[in-house]
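Printed here is structure_35.cif (mmCIF, C-alpha atoms and all ligand atoms):
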```cif
data_target
#
loop_
_atom_site.label_atom_id
_atom_site.label_comp_id
_atom_site.auth_asym_id
_atom_site.auth_seq_id
_atom_site.Cartn_x
_atom_site.Cartn_y
_atom_site.Cartn_z
CA MET A 1 11.04 -16.40 -11.04
CA SER A 2 10.56 -13.19 -9.10
CA ARG A 3 13.52 -11.14 -8.05
CA VAL A 4 13.08 -10.29 -4.41
CA SER A 5 14.61 -7.05 -3.29
CA THR A 6 14.89 -5.51 0.15
CA GLY A 7 14.27 -2.14 -1.44
CA LEU A 8 15.29 0.20 -4.21
CA ALA A 9 17.50 3.25 -4.09
CA GLN A 10 18.29 2.10 -0.56
CA GLY A 11 21.35 4.18 0.14
CA LEU A 12 19.57 7.44 -0.62
CA GLU A 13 16.15 6.50 0.66
CA ILE A 14 17.10 5.18 4.08
CA ASP A 15 18.93 8.43 4.82
CA CYS A 16 16.30 10.70 3.28
CA GLN A 17 16.06 14.18 4.86
CA ARG A 18 13.59 15.68 2.41
CA CYS A 19 10.97 16.52 5.05
CA SER A 20 10.77 17.09 8.79
CA LEU A 21 9.56 13.54 9.51
CA ALA A 22 13.25 12.61 9.27
CA LEU A 23 13.76 14.29 12.65
CA THR A 24 11.50 11.93 14.59
CA ARG A 25 11.61 8.61 12.74
CA SER A 26 13.57 5.54 13.80
CA HIS A 27 13.62 3.93 10.33
CA VAL A 28 12.55 4.87 6.84
CA VAL A 29 10.14 2.11 5.80
CA ILE A 30 11.29 1.58 2.23
CA GLY A 31 9.38 -0.33 -0.46
CA ARG A 32 10.01 -4.08 -0.51
CA GLY A 33 9.09 -7.15 -2.49
CA SER A 34 9.67 -8.41 -6.01
CA THR A 35 11.14 -5.99 -8.53
CA ASP A 36 9.37 -8.11 -11.20
CA ALA A 37 5.97 -7.62 -9.57
CA LYS A 38 3.05 -6.67 -11.82
CA VAL A 39 1.17 -5.39 -8.81
CA MET A 40 2.12 -2.89 -6.13
CA PHE A 41 0.20 -2.44 -2.88
CA LEU A 42 0.44 1.06 -1.47
CA GLY A 43 -0.38 1.94 2.13
CA GLU A 44 -0.50 5.28 3.91
CA ALA A 45 2.44 5.69 6.33
CA PRO A 46 4.29 3.67 8.98
CA GLY A 47 2.95 3.35 12.50
CA ARG A 48 4.92 2.69 15.67
CA GLN A 49 5.75 -0.96 14.96
CA GLU A 50 6.74 -0.27 11.36
CA ASP A 51 8.92 2.64 12.49
CA GLN A 52 10.69 0.42 15.01
CA SER A 53 11.21 -2.53 12.67
CA GLY A 54 11.68 -0.72 9.37
CA LEU A 55 9.17 -3.13 7.79
CA GLY A 56 5.77 -2.33 6.28
CA PHE A 57 2.42 -3.51 7.65
CA GLN A 58 3.23 -5.01 11.05
CA GLY A 59 0.96 -5.58 14.06
CA ALA A 60 -2.83 -5.76 13.75
CA ALA A 61 -2.99 -3.89 10.42
CA GLY A 62 -0.24 -6.18 9.11
CA GLN A 63 -2.28 -9.21 10.13
CA ARG A 64 -5.30 -7.86 8.22
CA PHE A 65 -3.04 -7.14 5.25
CA ASP A 66 -1.70 -10.71 5.23
CA GLU A 67 -5.30 -11.99 5.37
CA ILE A 68 -6.05 -9.86 2.30
CA LEU A 69 -3.09 -11.35 0.45
CA GLN A 70 -4.12 -14.89 1.48
CA PHE A 71 -7.57 -14.33 0.07
CA VAL A 72 -6.25 -12.79 -3.14
CA GLY A 73 -3.81 -15.70 -3.55
CA LEU A 74 -0.53 -13.81 -3.32
CA ASP A 75 2.22 -13.41 -0.76
CA ARG A 76 4.57 -10.58 0.04
CA ASP A 77 7.30 -11.93 -2.25
CA ASP A 78 4.90 -11.76 -5.23
CA ILE A 79 4.18 -8.04 -4.92
CA TRP A 80 5.82 -4.68 -4.32
CA LEU A 81 4.73 -3.15 -1.02
CA ALA A 82 5.29 0.49 -0.12
CA ASN A 83 3.72 3.44 1.67
CA ALA A 84 2.79 6.84 0.27
CA VAL A 85 4.80 8.38 3.12
CA ARG A 86 7.79 6.43 4.36
CA CYS A 87 8.49 7.89 7.79
CA ARG A 88 6.11 7.78 10.74
CA PRO A 89 4.00 10.92 11.28
CA THR A 90 3.28 11.47 14.98
CA VAL A 91 1.72 13.88 17.42
CA ASN A 92 4.55 14.86 19.78
CA GLY A 93 6.42 11.64 18.96
CA ARG A 94 3.66 9.58 20.59
CA ARG A 95 0.41 8.98 18.72
CA ASN A 96 0.24 8.18 15.02
CA ARG A 97 -1.38 10.82 12.85
CA LYS A 98 -2.28 11.12 9.18
CA PRO A 99 0.48 12.57 6.99
CA ASN A 100 -0.17 16.16 5.92
CA PRO A 101 -0.32 17.29 2.26
CA ASP A 102 3.26 18.64 2.28
CA GLU A 103 4.64 15.35 3.60
CA ILE A 104 2.64 13.38 1.02
CA HIS A 105 3.79 15.66 -1.78
CA THR A 106 7.46 15.53 -0.73
CA CYS A 107 7.57 11.76 -0.23
CA ARG A 108 5.88 11.19 -3.61
CA HIS A 109 9.44 11.44 -4.96
CA TRP A 110 10.09 7.91 -3.63
CA LEU A 111 6.80 6.56 -4.90
CA LEU A 112 7.73 7.75 -8.39
CA GLU A 113 11.13 6.07 -8.02
CA ASP A 114 9.44 2.76 -7.15
CA ILE A 115 7.01 3.05 -10.06
CA ARG A 116 9.84 3.90 -12.45
CA ARG A 117 11.92 0.88 -11.43
CA VAL A 118 9.29 -1.81 -10.71
CA ARG A 119 6.94 -0.68 -13.50
CA PRO A 120 3.79 -2.30 -12.05
CA GLU A 121 0.71 -2.70 -14.24
CA LEU A 122 -1.59 -2.27 -11.26
CA ILE A 123 -1.40 -0.38 -7.96
CA VAL A 124 -3.79 -1.43 -5.22
CA THR A 125 -4.17 1.65 -3.05
CA LEU A 126 -5.05 1.04 0.60
CA GLY A 127 -7.00 4.02 1.87
CA ARG A 128 -7.56 7.60 0.74
CA VAL A 129 -4.00 8.92 1.20
CA ALA A 130 -2.51 6.21 -1.03
CA PHE A 131 -5.16 6.76 -3.71
CA GLU A 132 -4.67 10.53 -3.79
CA SER A 133 -0.88 10.21 -3.78
CA VAL A 134 -0.83 8.03 -6.92
CA THR A 135 -3.66 9.61 -8.89
CA GLY A 136 -3.50 13.24 -7.81
CA PHE A 137 -7.33 13.11 -7.66
CA ALA A 138 -9.41 13.78 -4.57
CA TRP A 139 -11.06 10.64 -3.19
CA GLN A 140 -14.75 10.43 -4.11
CA LYS A 141 -17.43 8.45 -2.33
CA GLY A 142 -18.02 5.20 -4.22
CA GLN A 143 -14.47 5.13 -5.62
CA ARG A 144 -13.66 1.90 -3.80
CA ALA A 145 -13.08 -1.21 -5.96
CA GLN A 146 -13.45 0.77 -9.21
CA SER A 147 -10.47 0.42 -11.57
CA LEU A 148 -9.06 3.75 -12.70
CA PHE A 149 -6.48 4.18 -15.46
CA VAL A 150 -3.74 6.69 -14.57
CA GLU A 151 -2.29 8.07 -17.78
CA GLU A 152 0.74 9.65 -16.07
CA PHE A 153 2.10 6.20 -15.21
CA ASN A 154 0.33 4.04 -17.81
CA LEU A 155 -1.11 1.81 -15.10
CA THR A 156 -4.39 1.02 -13.39
CA VAL A 157 -5.27 1.84 -9.80
CA TYR A 158 -7.64 -0.38 -7.81
CA PRO A 159 -8.63 1.32 -4.52
CA LEU A 160 -9.43 -0.58 -1.33
CA TYR A 161 -10.07 0.41 2.26
CA HIS A 162 -6.95 0.56 4.39
CA PRO A 163 -6.60 -2.75 6.31
CA ALA A 164 -6.51 -0.86 9.64
CA TYR A 165 -10.05 0.29 8.86
CA LEU A 166 -11.18 -3.29 9.36
CA ILE A 167 -9.69 -3.73 12.82
CA TYR A 168 -12.65 -2.07 14.55
CA ARG A 169 -15.14 -2.63 11.74
CA ARG A 170 -15.36 -6.38 11.36
CA HIS A 171 -18.87 -5.96 9.95
CA LEU A 172 -17.21 -4.60 6.78
CA ALA A 173 -15.44 -7.91 6.14
CA SER A 174 -18.09 -9.14 3.67
CA THR A 175 -17.86 -5.85 1.72
CA TYR A 176 -14.09 -6.19 1.69
CA VAL A 177 -14.33 -9.77 0.44
CA ARG A 178 -16.52 -8.60 -2.48
CA ASP A 179 -13.89 -6.00 -3.33
CA LEU A 180 -11.18 -8.66 -3.21
CA VAL A 181 -13.15 -10.94 -5.52
CA GLY A 182 -13.15 -7.99 -7.93
CA LEU A 183 -9.41 -7.59 -7.44
CA ARG A 184 -8.84 -11.26 -8.31
CA VAL A 185 -10.69 -10.64 -11.59
CA VAL A 186 -8.57 -7.57 -12.37
CA LEU A 187 -5.37 -9.50 -11.59
CA GLY A 188 -6.54 -12.45 -13.69
CA GLN A 189 -7.05 -10.11 -16.65
CA ARG A 190 -3.38 -9.21 -16.29
CA GLU A 191 -2.35 -12.87 -16.09
CA VAL A 192 -0.95 -12.55 -12.59
CA PRO A 193 -0.63 -16.12 -11.23
CA LEU A 194 -2.95 -16.49 -8.23
CA ARG A 195 -3.38 -19.30 -5.71
CA GLU A 196 -6.80 -20.36 -4.47
CA PRO A 197 -8.14 -18.11 -1.68
CA THR A 198 -7.08 -19.20 1.82
CA GLY A 199 -7.21 -17.62 5.27
CA PRO A 200 -10.10 -16.60 7.49
CA TRP A 201 -12.16 -14.98 4.72
CA ALA A 202 -11.97 -17.84 2.22
CA ASP A 203 -15.38 -19.24 3.23
CA MET A 204 -17.15 -15.86 2.94
CA GLN A 205 -17.39 -15.69 -0.87
S1 LIG B 301 8.71 10.95 4.84
FE1 LIG B 301 9.61 10.56 2.82
S2 LIG B 301 10.37 12.57 2.13
FE2 LIG B 301 10.06 12.70 4.37
S3 LIG B 301 12.07 12.18 5.23
FE3 LIG B 301 10.85 10.28 5.14
S4 LIG B 301 11.44 9.30 3.18
FE4 LIG B 301 12.08 11.46 3.10
#
```

Would you kindly transcribe this structure into structure tokens?
Ligand code: SF4
Amino acid sequence: MSRVSTGLAQGLEIDCQRCSLALTRSHVVIGRGSTDAKVMFLGEAPGRQEDQSGLGFQGAAGQRFDEILQFVGLDRDDIWLANAVRCRPTVNGRRNRKPNPDEIHTCRHWLLEDIRRVRPELIVTLGRVAFESVTGFAWQKGQRAQSLFVEEFNLTVYPLYHPAYLIYRRHLASTYVRDLVGLRVVLGQREVPLREPTGPWADMQ
């Protein structure tokens, strides 16, 4: 049975002041899920809705993310879900922006804490920022859906597009489904129990 946690190192993490994003955030979006999870999903950074709620992957990107999990045959209680940067980066407190290298480097402290405590066998990185934060390697074209062993953590990374990328690029859904079929194989090799694919993409295999 999985142990479901609302987050690790909560007391320290939810009050974190390690970088200037602390000045403008509403909530630190801490990692959540099962502390027994073999697989972690890692996003980029919170947006407005995540900042307001304190929960990862809300709104349209959250809906795409839940569709991904439905297809893979997992739910949020089966995995560990976190972001590379845990406070919302903004332009003048209004628009979302990508986190900068200093913010990614500073917040990596909390990613390492999650890896140390959850000890996942696999991290599914969602987008370039998440991939580079875990591996320390620059993203290369063609990296997507290629397993990469990361010696520093003794685990494998499986990179995917960020779910938000699909919101305005529905034509990429069939590519994404192929990548998720590959992910199901990788998870099966690690004996992660998976349900049959469901959700809107289940008929696209
Ligand atoms: S982004 Fe990360 S390092 Fe910066 S204040 Fe938030 S939790 Fe701390």

Check your understanding: Leaving out Ala61 (chain A) and any residue of its chain fewer than 4 positions from it, which residues lie within 12 Å of it when counting all atoms listed in the file, given as a VMD selection string?
Key -> chain A and resid 43 to 50 56 to 57 65 to 68 126 161 to 168

Check your understanding: How would you write, as a VMD selection string, the set of residues no farther than 9 Å from ligand LIG 301 (chain B) when counting all atoms listed in the file?
Key -> chain A and resid 13 to 23 25 27 to 30 45 84 to 89 99 103 to 110

Review point. Between A:Pro159, A:Gly59, A:Gly31, A:Pro101, which is the closest to Ala145 (chain A) once you count all atoms listed in the file?
Key: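 For Ala145 (chain A), the nearest of the given residues is A:Pro159.
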
Exercise for review: Give the answer as one residue: which of A:Thr156, A:Gln189, A:Gln63, A:Thr90 has the shortest atom-to-atom distance to Leu122 (chain A), using all atoms listed in the file?
Suggested key: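 Ranking A:Thr156, A:Gln189, A:Gln63, A:Thr90 by distance to Leu122 (chain A), first place goes to A:Thr156.
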
Check your understanding: From the set A:Gln58, A:Asn100, A:Gln52, A:Ser34, which residue has the shortest atom-to-atom contact distance to Asp78 (chain A), counting all atoms listed in the file?
Key ->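 The closest residue to Asp78 (chain A) is A:Ser34.
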
Review point. Using all atoms listed in the file, which residue out of A:Leu172, A:Val91, A:Val150, A:Ile79 lies closest to Leu194 (chain A)?
Key: A:Ile79

Point to revise | Residue among A:Val157, A:Gln70, A:Glu191, A:Arg119 lying closest to Glu132 (chain A), counting all atoms listed in the file | key: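 The closest residue to Glu132 (chain A) is A:Val157.
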
Check your understanding: If you measure from CA of Leu55 (chain A) to CA of Ser26 (chain A), what distance in Å do you get, rounded to one decimal?
Key ->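 So the two atoms, CA of Leu55 (chain A) and CA of Ser26 (chain A), lie 11.4 Å apart.
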
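Proximity to Val177 (chain A) was assessed for A:Glu151, A:Glu121, A:Asp75, A:Asp203 counting all atoms listed in the file; the smallest distance is recorded for A:Asp203.
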
Edge lengths and centre in Å, axis-aligned, region 160-175 of chain A plus 8 Å each side, as AutoDock Vina command-line options:
```
--center_x -12.7 --center_y -4.3 --center_z 6.6 --size_x 28.4 --size_y 25.7 --size_z 31.9
```

Practice item. For CA of Phe71 (chain A) and CA of Ser147 (chain A), quote the distance in Å rounded to one decimal. Key: 19.0 Å

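CA of Glu196 (chain A) to CA of Asn83 (chain A) spans 26.7 Å [interatomic distance, one decimal].
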
Review point. Contacts of Arg190 (chain A) at 10 Å or less, counting only C-alpha atoms, minus same-chain residues fewer than 4 places along, as a list in words?
Key: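 In the requested form, the answer reads Lys38, Val39, Glu121, Leu122, Arg184, Val185 and Val186 of chain A.
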
Would it be fine to have region 41-80 of chain A, with N, CA and C atoms, given as an mmCIF file, in the first residue's frame?
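Once everything was written out, this is result-v5.cif:
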```
data_model
loop_
_atom_site.group_PDB
_atom_site.id
_atom_site.type_symbol
_atom_site.label_atom_id
_atom_site.label_comp_id
_atom_site.auth_asym_id
_atom_site.auth_seq_id
_atom_site.Cartn_x
_atom_site.Cartn_y
_atom_site.Cartn_z
ATOM 1 N N PHE A 41 7.154 12.412 -11.273
ATOM 2 C CA PHE A 41 6.936 13.290 -12.416
ATOM 3 C C PHE A 41 7.387 14.679 -11.993
ATOM 4 N N LEU A 42 8.191 15.304 -12.851
ATOM 5 C CA LEU A 42 8.759 16.603 -12.502
ATOM 6 C C LEU A 42 8.396 17.638 -13.550
ATOM 7 N N GLY A 43 7.667 18.677 -13.115
ATOM 8 C CA GLY A 43 7.300 19.770 -14.006
ATOM 9 C C GLY A 43 8.292 20.916 -13.904
ATOM 10 N N GLU A 44 7.886 22.070 -14.428
ATOM 11 C CA GLU A 44 8.808 23.209 -14.510
ATOM 12 C C GLU A 44 8.677 24.133 -13.292
ATOM 13 N N ALA A 45 7.533 24.788 -13.163
ATOM 14 C CA ALA A 45 7.319 25.762 -12.093
ATOM 15 C C ALA A 45 5.821 26.030 -11.999
ATOM 16 N N PRO A 46 5.339 26.510 -10.854
ATOM 17 C CA PRO A 46 3.911 26.805 -10.737
ATOM 18 C C PRO A 46 3.493 27.975 -11.618
ATOM 19 N N GLY A 47 2.248 27.936 -12.071
ATOM 20 C CA GLY A 47 1.615 29.077 -12.712
ATOM 21 C C GLY A 47 0.671 29.748 -11.719
ATOM 22 N N ARG A 48 -0.186 30.615 -12.249
ATOM 23 C CA ARG A 48 -1.064 31.386 -11.364
ATOM 24 C C ARG A 48 -1.951 30.496 -10.491
ATOM 25 N N GLN A 49 -2.614 29.502 -11.129
ATOM 26 C CA GLN A 49 -3.554 28.686 -10.355
ATOM 27 C C GLN A 49 -2.843 27.821 -9.311
ATOM 28 N N GLU A 50 -1.661 27.328 -9.673
ATOM 29 C CA GLU A 50 -0.892 26.531 -8.718
ATOM 30 C C GLU A 50 -0.430 27.409 -7.558
ATOM 31 N N ASP A 51 -0.017 28.625 -7.873
ATOM 32 C CA ASP A 51 0.437 29.560 -6.839
ATOM 33 C C ASP A 51 -0.692 29.873 -5.860
ATOM 34 N N GLN A 52 -1.906 30.031 -6.398
ATOM 35 C CA GLN A 52 -3.041 30.363 -5.538
ATOM 36 C C GLN A 52 -3.458 29.177 -4.669
ATOM 37 N N SER A 53 -3.433 27.981 -5.260
ATOM 38 C CA SER A 53 -3.933 26.802 -4.542
ATOM 39 C C SER A 53 -2.855 26.092 -3.728
ATOM 40 N N GLY A 54 -1.611 26.259 -4.122
ATOM 41 C CA GLY A 54 -0.527 25.505 -3.484
ATOM 42 C C GLY A 54 -0.420 24.077 -3.992
ATOM 43 N N LEU A 55 -1.148 23.747 -5.065
ATOM 44 C CA LEU A 55 -1.157 22.389 -5.613
ATOM 45 C C LEU A 55 -0.569 22.383 -7.022
ATOM 46 N N GLY A 56 0.120 21.301 -7.372
ATOM 47 C CA GLY A 56 0.762 21.208 -8.674
ATOM 48 C C GLY A 56 -0.217 20.871 -9.791
ATOM 49 N N PHE A 57 0.089 21.320 -10.991
ATOM 50 C CA PHE A 57 -0.655 20.986 -12.205
ATOM 51 C C PHE A 57 -2.169 21.153 -12.040
ATOM 52 N N GLN A 58 -2.600 22.404 -12.045
ATOM 53 C CA GLN A 58 -4.015 22.759 -12.026
ATOM 54 C C GLN A 58 -4.383 23.310 -13.414
ATOM 55 N N GLY A 59 -5.635 23.681 -13.590
ATOM 56 C CA GLY A 59 -6.080 24.340 -14.814
ATOM 57 C C GLY A 59 -5.905 23.473 -16.051
ATOM 58 N N ALA A 60 -5.690 24.124 -17.200
ATOM 59 C CA ALA A 60 -5.628 23.393 -18.472
ATOM 60 C C ALA A 60 -4.434 22.446 -18.520
ATOM 61 N N ALA A 61 -3.263 22.893 -18.039
ATOM 62 C CA ALA A 61 -2.089 22.005 -18.032
ATOM 63 C C ALA A 61 -2.330 20.825 -17.090
ATOM 64 N N GLY A 62 -3.030 21.087 -15.990
ATOM 65 C CA GLY A 62 -3.358 20.001 -15.051
ATOM 66 C C GLY A 62 -4.281 18.977 -15.677
ATOM 67 N N GLN A 63 -5.227 19.477 -16.500
ATOM 68 C CA GLN A 63 -6.127 18.553 -17.194
ATOM 69 C C GLN A 63 -5.345 17.671 -18.162
ATOM 70 N N ARG A 64 -4.412 18.279 -18.918
ATOM 71 C CA ARG A 64 -3.571 17.467 -19.822
ATOM 72 C C ARG A 64 -2.747 16.469 -19.012
ATOM 73 N N PHE A 65 -2.230 16.920 -17.866
ATOM 74 C CA PHE A 65 -1.412 16.023 -17.056
ATOM 75 C C PHE A 65 -2.234 14.827 -16.567
ATOM 76 N N ASP A 66 -3.466 15.078 -16.136
ATOM 77 C CA ASP A 66 -4.311 13.969 -15.672
ATOM 78 C C ASP A 66 -4.656 13.031 -16.830
ATOM 79 N N GLU A 67 -4.791 13.563 -18.042
ATOM 80 C CA GLU A 67 -5.013 12.705 -19.216
ATOM 81 C C GLU A 67 -3.794 11.806 -19.458
ATOM 82 N N ILE A 68 -2.614 12.385 -19.268
ATOM 83 C CA ILE A 68 -1.379 11.594 -19.409
ATOM 84 C C ILE A 68 -1.382 10.444 -18.409
ATOM 85 N N LEU A 69 -1.698 10.763 -17.154
ATOM 86 C CA LEU A 69 -1.709 9.708 -16.127
ATOM 87 C C LEU A 69 -2.761 8.643 -16.442
ATOM 88 N N GLN A 70 -3.933 9.078 -16.915
ATOM 89 C CA GLN A 70 -4.985 8.108 -17.272
ATOM 90 C C GLN A 70 -4.483 7.151 -18.343
ATOM 91 N N PHE A 71 -3.809 7.693 -19.327
ATOM 92 C CA PHE A 71 -3.312 6.837 -20.399
ATOM 93 C C PHE A 71 -2.236 5.889 -19.883
ATOM 94 N N VAL A 72 -1.361 6.402 -19.046
ATOM 95 C CA VAL A 72 -0.265 5.567 -18.525
ATOM 96 C C VAL A 72 -0.800 4.496 -17.571
ATOM 97 N N GLY A 73 -1.941 4.795 -16.924
ATOM 98 C CA GLY A 73 -2.527 3.815 -16.009
ATOM 99 C C GLY A 73 -2.127 4.036 -14.568
ATOM 100 N N LEU A 74 -1.916 5.308 -14.233
ATOM 101 C CA LEU A 74 -1.553 5.688 -12.861
ATOM 102 C C LEU A 74 -2.477 6.810 -12.404
ATOM 103 N N ASP A 75 -2.490 7.083 -11.098
ATOM 104 C CA ASP A 75 -3.119 8.326 -10.654
ATOM 105 C C ASP A 75 -2.175 9.056 -9.714
ATOM 106 N N ARG A 76 -2.588 10.217 -9.284
ATOM 107 C CA ARG A 76 -1.661 11.089 -8.538
ATOM 108 C C ARG A 76 -1.197 10.463 -7.230
ATOM 109 N N ASP A 77 -1.997 9.564 -6.658
ATOM 110 C CA ASP A 77 -1.584 8.917 -5.408
ATOM 111 C C ASP A 77 -0.549 7.815 -5.629
ATOM 112 N N ASP A 78 -0.328 7.429 -6.893
ATOM 113 C CA ASP A 78 0.656 6.378 -7.199
ATOM 114 C C ASP A 78 2.063 6.935 -7.423
ATOM 115 N N ILE A 79 2.163 8.229 -7.569
ATOM 116 C CA ILE A 79 3.424 8.840 -8.031
ATOM 117 C C ILE A 79 3.882 9.897 -7.034
ATOM 118 N N TRP A 80 5.070 10.430 -7.255
ATOM 119 C CA TRP A 80 5.493 11.664 -6.585
ATOM 120 C C TRP A 80 5.509 12.757 -7.643
#
```
